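Working notes for the structure below.
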Amino acid sequence: MGVQHSCNACILVAVFVLSVSIPLAMASDPPDESQQGSVAVRLYLTEGPLPVDDPMSAVWDTVPASTFDMAPQVHWQDRIQEVTVKSVTVRGLHNQQELAILLEYQDPTQDPADAAALEFMVGDKKAHFAHAQEMLQVEGGPVNIWYWKQSNGKAIDMWAKGFGTLRPQAQQDVKAVGMWQDGTWRVVFSRALTTGDSEDVQIEPGKWTSIAFAIWDGKIVDGAIKEKGSQKAVTSWWYFRAEPPPDNSIYGYVVLGLILAAAFEFALIRKLQKGRHS
Amino acid sequence: MNRPLAKAALILIGMYIVLVYVLPLFTAPLPASLIYLYLALTLSAVLIYYTISGTTLEEFMGPIVRFLSGVDQVGPAKTARLLVLIVFPLLVGWQTYTRLAPSDLPPPENRTIHPAPPGEFVGLSNPFPKTPENIMMGKGLYAAYCSPCHGANYDGKGPAAPGFNPPPANFRDPGTIAQLQESYLFWRIKKGGVGLPVEGMPWKSAMPRWEVELPDEFIWKIIMGEYDGAGQSPRTWEEEE
């Protein structure tokens with residue numbers, strides 16, 4: 001075999017070896033750090049009706065959960081230094097039309113003033129998690145709050161932009177059902193992904209937004225409700241999204257990649273075999 | 001005949017082991033893209049070295065060419081060749097998939113922890129003398145207003161700290177107040193999380209805007225108490241220059 005022949009081939013071989021080494025090197029990506037503790041709530045995509053009326057539905061047991069620590073609200077007045085609920089577990093589902101979010105948390109007593117709320121940013125502007133309080137260097141937007149209270153037996157769809165501005169919306173779009181059993185509240189909030197109301201968060205599958213939580217233990221202690229108003233358990237913003245339907249277009253590119261690689265091999269081997277025989 | 005090829009393989013494997021397993025013992029692990037770049041460089045060097053003259057080129061490429069062309073191959077070599085030919089397109093397909101598959105991780109944070117303060121706060125100095133009384137008063141105010149989040153031990157682990165992202169600052173950590181001037185703290189305490197510029201992501205911070213509740217005097221004294229309690233001292237103007 002002549003040196004010239006293998007010299008032609010050597011370029012091809014080099015390309016070949018190099019391309020095999022790419023995936024091998026790439027396979028060693030370090031593990032993702034965001035796996036420690038929950039940072040996001042995901043609404044998993046499902047088909048058919050959601051268990052919006054039944055917090056105890058067995059369907060919920062099949063949905064992956066996220067858990068967030070909660071802190072007593074000491075950010076602004078009136079503060080509270082100790083709260084009953086220390087963490088909340090969250091599960092979510094959607095069927096491309098409607099969504100359902102289940103909150104689950106420990107509360108030893110069932111009381112009429114027990115309450116829970118979800119908060120979202122509305123529109124494209126960022127909003128502070130404390131009722132969209134004014135930011136000094138950034139122009140903020142409003143928040144949408146979904147508030148459930150046991151004695152109301154329903155959810156109230158609310159709006160706020162700054163302390164003292166919280167109010168129910170003219171158009172009510174949210175539903176909530178709570179059930180208490182053996183020291184655990186399970187509350188399902190549900191709504192259409194999109195509404196025609198500009199005061200609401202609009203949820204587009206695949207797009208990340210933010211969510212925050214608040215919970216009140218309405219137990220009567222010394223004749224007064226233990227947690228109410230700004231005295232509650234809170235979190236700051238965590239990530240939130242409705243999972244998008246799978247995108248099948250990438251399989252076309254995968255097939256194209258397979259075909260190109262096979263064609264390359266074919267050409268390379270033809271070249272090498274010719275080189276040997278001549 | 002096979003020696004140059006074996007040597008090249010050894011060099012590459014050695015390089016891989018050093019990059020992936022040995023280096024992280026001393027520094028942070030390298031990102032996969034850098035590892036790839038270094039391996040590609042090593043490979044190019046090896047190729048250039050062995051292909052520089054006709055004889056070494058033939059020694060180096062000969063076995064590869066014979067292996068891939070498959071002429072007169074029998075037994076294990078034949079199977080190995082078939083495997084390589086099947087695995088290569090699969091790897092390409094798999095790479096295409098992992099590159100194109102949409103990331104389902106939340107967007108990266110990229111929050112600037114210490115953005116520049118507004119001009120009016122630059123260069124202010126604490127108008128109160130560091131007397132034991134002032135420091136004590138500052139510590140008392142700290143215990144009342146700040147310790148629920150920043151902790152009675154100044155370590156960011158107060159009872160109201162869980163559930164916040166970003167978490168309350170740990171003042172014992174050399175990366176927080178030890179790096180800052182008193183004037184910077186005065187700004188942060190007075191204006192709180194909502195006073196941050198956009199790169200500090202003010203919408204996420206639980207740090208209260210204390211000017212609403214506390215007079216400047218309290219804030220300056222809290223700063224004294226905070227440094228003293230955390231066992232840190234403020235960065236001074238001279239160090240900055």
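So you can find residues: chains in the structure tokens are A, B, ... in the order shown, residues in each start at 1, and ligands are numbered from 1 in order.
Once Tyr16 of chain B and its same-chain neighbours fewer than 6 positions away are set aside, A:Ala25, B:Leu10, B:Val22, B:Ile35, B:Tyr36, B:Tyr38, B:Leu39, B:Thr42 remain within 10 Å of it when counting only C-alpha atoms.
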Tell me the residues of chain B close to chain A, meaning within 6 Å using only C-alpha atoms, as a ChimeraX atom specification. /B:32,36,69,89,93,96-97,160,162-164,194-195,197,203,208
From a DSSP pass on the backbone, collect the residues of segment 18-73 of chain B flagged as helix (DSSP H, G or I) and hand them back as an MDAnalysis selection string. chainID B and resid 18:25 32:50 54:69
Atomic separation - atom CA of Phe67 of chain B relative to atom CA of Phe88 of chain B, Å: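 These two atoms are separated by 14.8 Å.
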Find the residues around segment 125-141 of chain B up to 8 Å (only C-alpha atoms counted), leave out those fewer than 5 positions away in its own chain, and share them as JSON, numbers by chain. {"B": [146, 182, 183, 218, 219, 220, 221, 222, 223, 224, 225, 226, 228, 229]}
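Coordinates place atom CA of Trp146 of chain A at a distance of 13.0 Å from atom CA of Ala192 of chain A.
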Considering only strand (DSSP E) as DSSP defines it on the backbone, what residues of segment 177-243 of chain A qualify? List them as a ChimeraX atom specification. /A:177-181,184-192,209-216,220-221,224-225,233-234,238-242
Among listed residues A:Pro49, A:Gly183, A:Gly229, A:Gly153, nearest Arg79 of chain A (using only C-alpha atoms):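 When distances to Arg79 of chain A are compared using only C-alpha atoms, the smallest one comes from A:Gly229.
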Determine the nearest neighbour of Pro118 of chain B from the options B:Met201, B:Leu25, B:Leu196, B:Ala230, counting only C-alpha atoms.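 Selected residue with least distance to Pro118 of chain B: B:Leu196.
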Correct to one decimal, the distance atom CA of Gly200 of chain B-atom CA of Ile177 of chain B is 16.2 Å
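Counting only C-alpha atoms, Gln110 of chain A has the following residues at most 9 Å away, ignoring those fewer than 6 positions along the same chain: Gln150, Trp180, Gln181, Gly183, Thr184, Trp185, Asp217, Gly218 and Lys219 of chain A.
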Selection: 10 Å around Gly48 of chain A, only C-alpha atoms, excl. self and same-chain fewer than 6 positions, as a ChimeraX atom specification: /A:94-98
Restricting the output to N, CA and C atoms, write the selected residues as an mmCIF file, in the first residue's frame.
data_model
loop_
_atom_site.group_PDB
_atom_site.id
_atom_site.type_symbol
_atom_site.label_atom_id
_atom_site.label_comp_id
_atom_site.auth_asym_id
_atom_site.auth_seq_id
_atom_site.Cartn_x
_atom_site.Cartn_y
_atom_site.Cartn_z
ATOM 1 N N HIS A 94 -51.743 19.362 34.323
ATOM 2 C CA HIS A 94 -52.555 20.142 33.390
ATOM 3 C C HIS A 94 -52.871 19.276 32.186
ATOM 4 N N ASN A 95 -53.918 19.642 31.456
ATOM 5 C CA ASN A 95 -54.298 18.869 30.268
ATOM 6 C C ASN A 95 -54.366 19.787 29.041
ATOM 7 N N GLN A 96 -53.556 20.822 29.041
ATOM 8 C CA GLN A 96 -53.457 21.823 27.982
ATOM 9 C C GLN A 96 -54.629 22.800 27.964
ATOM 10 N N GLN A 97 -55.659 22.542 28.792
ATOM 11 C CA GLN A 97 -56.760 23.486 28.889
ATOM 12 C C GLN A 97 -56.873 24.009 30.318
ATOM 13 N N GLU A 98 -56.808 23.027 31.254
ATOM 14 C CA GLU A 98 -57.062 23.321 32.646
ATOM 15 C C GLU A 98 -55.854 22.878 33.459
#
Which is closer to Ser66 of chain A than all the others in A:Asp78, A:Glu104, A:Glu119, A:Asp54, using only C-alpha atoms?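 That would be A:Glu104, the residue with the smallest distance to Ser66 of chain A.
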Could you pull the residues within 6 Å of segment 59-66 of chain B, counting only C-alpha atoms, minus those fewer than 2 positions along the same chain, as a PyMOL selection string? chain B and resi 1+4-5+56-57+68-69
If we count only C-alpha atoms, what is near segment 170-175 of chain A at a cut-off of 12 Å, once residues fewer than 4 positions away on the same chain are taken out, given as a PyMOL selection string? chain A and resi 52-54+98-102+117-118+144-149+152-159+187-202
Residue subset to file, keeping N, CA and C atoms, as a short mmCIF file (atom, residue, chain, number, x, y, z; two decimals), in the first residue's frame:
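Result written to part-v8.cif:
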data_model
loop_
_atom_site.label_atom_id
_atom_site.label_comp_id
_atom_site.auth_asym_id
_atom_site.auth_seq_id
_atom_site.Cartn_x
_atom_site.Cartn_y
_atom_site.Cartn_z
N VAL A 52 -59.94 17.84 39.99
CA VAL A 52 -60.07 19.18 40.56
C VAL A 52 -60.98 19.22 41.78
N ASP A 53 -61.87 18.21 41.93
CA ASP A 53 -62.80 18.23 43.05
C ASP A 53 -62.37 17.32 44.18
N ASP A 54 -61.29 16.56 43.95
CA ASP A 54 -60.95 15.54 44.92
C ASP A 54 -59.49 15.59 45.35
N GLU A 98 -56.81 23.03 31.25
CA GLU A 98 -57.06 23.32 32.65
C GLU A 98 -55.85 22.88 33.46
N LEU A 99 -55.68 23.51 34.64
CA LEU A 99 -54.60 23.07 35.52
C LEU A 99 -55.16 22.79 36.90
N ALA A 100 -54.44 21.95 37.65
CA ALA A 100 -54.81 21.68 39.04
C ALA A 100 -53.52 21.63 39.86
N ILE A 101 -53.51 22.32 41.00
CA ILE A 101 -52.34 22.32 41.88
C ILE A 101 -52.79 21.87 43.26
N LEU A 102 -52.13 20.82 43.77
CA LEU A 102 -52.47 20.29 45.09
C LEU A 102 -51.42 20.74 46.11
N ALA A 117 -52.72 30.15 50.15
CA ALA A 117 -52.76 30.96 48.93
C ALA A 117 -51.56 30.67 48.03
N LEU A 118 -51.82 30.81 46.73
CA LEU A 118 -50.76 30.76 45.72
C LEU A 118 -50.61 32.17 45.16
N ASN A 144 -51.03 38.05 41.00
CA ASN A 144 -52.33 37.40 41.04
C ASN A 144 -52.27 36.41 42.20
N ILE A 145 -53.22 36.52 43.13
CA ILE A 145 -53.23 35.64 44.31
C ILE A 145 -54.50 34.80 44.32
N TRP A 146 -54.31 33.48 44.50
CA TRP A 146 -55.45 32.57 44.58
C TRP A 146 -55.57 32.19 46.05
N TYR A 147 -56.65 32.63 46.69
CA TYR A 147 -56.77 32.51 48.14
C TYR A 147 -57.92 31.56 48.48
N TRP A 148 -57.58 30.56 49.28
CA TRP A 148 -58.61 29.62 49.74
C TRP A 148 -58.71 29.69 51.25
N LYS A 149 -59.94 29.72 51.76
CA LYS A 149 -60.16 29.69 53.21
C LYS A 149 -61.24 28.67 53.49
N ASN A 152 -64.80 29.85 53.78
CA ASN A 152 -65.40 30.32 52.53
C ASN A 152 -65.86 29.15 51.67
N GLY A 153 -65.11 28.02 51.81
CA GLY A 153 -65.41 26.84 51.00
C GLY A 153 -65.16 27.05 49.52
N LYS A 154 -64.39 28.07 49.16
CA LYS A 154 -64.09 28.33 47.74
C LYS A 154 -62.82 29.17 47.65
N ALA A 155 -62.39 29.40 46.41
CA ALA A 155 -61.21 30.24 46.22
C ALA A 155 -61.64 31.64 45.84
N ILE A 156 -60.81 32.63 46.17
CA ILE A 156 -61.03 33.99 45.70
C ILE A 156 -59.83 34.36 44.82
N ASP A 157 -60.14 34.88 43.65
CA ASP A 157 -59.14 35.26 42.66
C ASP A 157 -58.82 36.74 42.94
N MET A 158 -57.55 37.04 43.35
CA MET A 158 -57.25 38.39 43.82
C MET A 158 -56.11 39.03 43.04
N TRP A 159 -55.94 40.32 43.26
CA TRP A 159 -54.94 41.12 42.56
C TRP A 159 -54.28 42.06 43.56
N VAL A 187 -55.31 20.68 49.66
CA VAL A 187 -56.13 21.68 49.00
C VAL A 187 -55.80 21.69 47.51
N VAL A 188 -56.84 21.51 46.67
CA VAL A 188 -56.63 21.57 45.21
C VAL A 188 -57.14 22.89 44.67
N PHE A 189 -56.25 23.62 44.02
CA PHE A 189 -56.64 24.83 43.28
C PHE A 189 -56.75 24.44 41.81
N SER A 190 -57.73 25.01 41.10
CA SER A 190 -57.81 24.73 39.67
C SER A 190 -58.29 25.96 38.91
N ARG A 191 -57.90 26.00 37.63
CA ARG A 191 -58.25 27.13 36.78
C ARG A 191 -57.96 26.74 35.34
N ALA A 192 -58.52 27.49 34.39
CA ALA A 192 -58.10 27.32 33.00
C ALA A 192 -56.69 27.86 32.86
N LEU A 193 -55.87 27.29 31.94
CA LEU A 193 -54.50 27.78 31.77
C LEU A 193 -54.51 29.26 31.40
N THR A 194 -55.44 29.63 30.52
CA THR A 194 -55.53 31.04 30.15
C THR A 194 -56.96 31.52 30.41
N THR A 195 -57.06 32.79 30.78
CA THR A 195 -58.36 33.41 31.00
C THR A 195 -58.39 34.70 30.19
N GLY A 196 -59.55 35.26 30.04
CA GLY A 196 -59.62 36.51 29.29
C GLY A 196 -59.39 37.73 30.16
N ASP A 197 -58.84 37.51 31.37
CA ASP A 197 -58.74 38.60 32.34
C ASP A 197 -57.30 39.10 32.43
N SER A 198 -57.07 40.39 32.16
CA SER A 198 -55.71 40.92 32.16
C SER A 198 -55.13 41.00 33.58
N GLU A 199 -55.96 40.78 34.61
CA GLU A 199 -55.44 40.79 35.99
C GLU A 199 -54.95 39.41 36.40
N ASP A 200 -55.07 38.42 35.51
CA ASP A 200 -54.69 37.04 35.84
C ASP A 200 -53.34 36.67 35.27
N VAL A 201 -52.67 35.70 35.93
CA VAL A 201 -51.51 35.07 35.31
C VAL A 201 -52.02 34.20 34.17
N GLN A 202 -51.33 34.24 33.03
CA GLN A 202 -51.69 33.39 31.89
C GLN A 202 -50.59 32.34 31.77
#
